[in-house]
Amino acid sequence: MNTMSHMIPVSRMIEAAFGPTFPATRTPNSEYTTIPRADIFEGSEEYRIVMDLPGVQNEDLDISLEDQTLMVKAERKLDLPEDFETLRSERASHTVYNRSFSLSNSVNVDKISAQLVDGELQLVLPKSQKSLPRRIEVK
């Protein structure tokens with residue numbers, strides 16, 4: 001009797017735990033480009049844009065402004081463990097986020113600020129003084 005015939009192959013145990021082991025849909029060095037979701041809020045003196053950028057670090061974030069278009073580009077690079085073989089890979093090892101916003105003249109572009117905390121980007125876009133409501137004095 002073959003004692004090995006009663007042992008379950010490792011690949012079957014992985015399939016039982018994680019589903020079928022199809023060929024990797026992404027190679028370990030694959031790149032994935034996506035448009036991150038954003039929430040936009042308006043307050044009395046500013047607009048706020050909040051975006052989820054999971055795994056992005058400050059040094060991998062580029063925010064620029066050109067011709068009243070605010071552009072956000074970010075990259076996430078996954079550190080793959082050394083001395084391991086990929087059995088199943090569904091996440092891209094390199095993700096590029098791209099999003100742009102057309103700004104109206106009501107935004108004071110010189111005062112835009114940004115903060116990235118725990119994968120959440122918050123952009124603060126102050127309203128220009130000329131766009132804020134004001135009272136006109138009657139003489």
# chains A, B, ... in the order shown; residues from 1 in each chain; ligands from 1
>>> residues_around(residues="region 36-53 of chain A", least_positions_apart="5", cutoff="9 Å", atoms="only C-alpha atoms", output="list in words")
Ala74, Glu75, Arg76, Tyr97, Asn98, Arg99, Val107, Leu116, Asp118, Gly119, Glu120, Leu121, Gln122, Leu123, Val124, Leu125, Pro126, Lys127, Ser128, Gln129, Leu132 and Pro133 of chain A
>>> atom_distance(atom1="CA of Ser102 (chain A)", atom2="CA of Asp67 (chain A)")
8.8 Å
>>> atom_distance(atom1="CA of Met71 (chain A)", atom2="CA of Glu90 (chain A)")
27.9 Å
>>> atom_distance(atom1="CA of Lys73 (chain A)", atom2="CA of Gln57 (chain A)")
11.8 Å
>>> select_by_dssp(residues="region 23-125 of chain A", states="strand (DSSP E or B)", output="tab-separated table (two decimals) with C-alpha atoms, in the first residue's frame")
chain	number	residue	atom	x	y	z
A	31	GLU	CA	0.94	47.71	-13.46
A	32	TYR	CA	-2.68	48.70	-12.95
A	33	THR	CA	-4.05	52.20	-13.66
A	34	THR	CA	-7.24	53.41	-12.02
A	38	ALA	CA	-13.52	61.21	-4.69
A	39	ASP	CA	-15.98	63.03	-2.46
A	40	ILE	CA	-16.35	66.77	-3.04
A	41	PHE	CA	-17.75	69.08	-0.38
A	42	GLU	CA	-18.55	72.79	-0.36
A	46	GLU	CA	-13.72	76.48	0.87
A	47	TYR	CA	-14.21	73.32	-1.14
A	48	ARG	CA	-12.79	69.98	0.00
A	49	ILE	CA	-11.93	66.95	-2.07
A	50	VAL	CA	-11.34	63.66	-0.26
A	51	MET	CA	-9.85	60.70	-2.11
A	52	ASP	CA	-8.85	57.20	-1.05
A	61	LEU	CA	2.12	61.56	-4.77
A	62	ASP	CA	2.18	64.35	-7.36
A	63	ILE	CA	-0.40	67.15	-7.31
A	64	SER	CA	-0.19	69.84	-9.96
A	65	LEU	CA	-2.25	72.68	-11.38
A	66	GLU	CA	-2.29	73.72	-15.02
A	69	THR	CA	-7.08	71.87	-13.96
A	70	LEU	CA	-6.00	70.21	-10.72
A	71	MET	CA	-4.26	66.89	-11.43
A	72	VAL	CA	-3.58	64.16	-8.89
A	73	LYS	CA	-1.23	61.33	-9.76
A	74	ALA	CA	-0.12	58.72	-7.24
A	75	GLU	CA	1.65	55.39	-7.32
A	76	ARG	CA	1.52	52.43	-4.99
A	77	LYS	CA	4.27	49.87	-5.14
A	94	HIS	CA	2.29	48.66	-9.11
A	95	THR	CA	-0.90	50.74	-9.09
A	96	VAL	CA	-1.14	54.17	-10.71
A	97	TYR	CA	-3.94	56.51	-9.66
A	98	ASN	CA	-4.88	59.41	-11.98
A	99	ARG	CA	-7.64	61.97	-11.43
A	100	SER	CA	-8.16	65.53	-12.59
A	101	PHE	CA	-10.61	68.26	-11.60
A	102	SER	CA	-11.59	71.35	-13.58
A	107	VAL	CA	-11.08	78.84	-6.27
A	113	SER	CA	-3.34	72.69	0.31
A	114	ALA	CA	-3.14	68.91	0.55
A	115	GLN	CA	-2.66	66.36	3.30
A	116	LEU	CA	-2.23	62.58	3.01
A	117	VAL	CA	-3.03	60.60	6.16
A	120	GLU	CA	-6.72	59.35	2.52
A	121	LEU	CA	-5.89	62.50	0.56
A	122	GLN	CA	-7.63	65.71	1.63
A	123	LEU	CA	-7.40	68.70	-0.68
A	124	VAL	CA	-8.55	72.09	0.63
A	125	LEU	CA	-9.46	74.61	-2.06
>>> closest_residue(among="A:Gln68, A:Asn105, A:Asn58, A:Ser93", to="Lys130 (chain A)", atoms="only C-alpha atoms")
A:Asn105
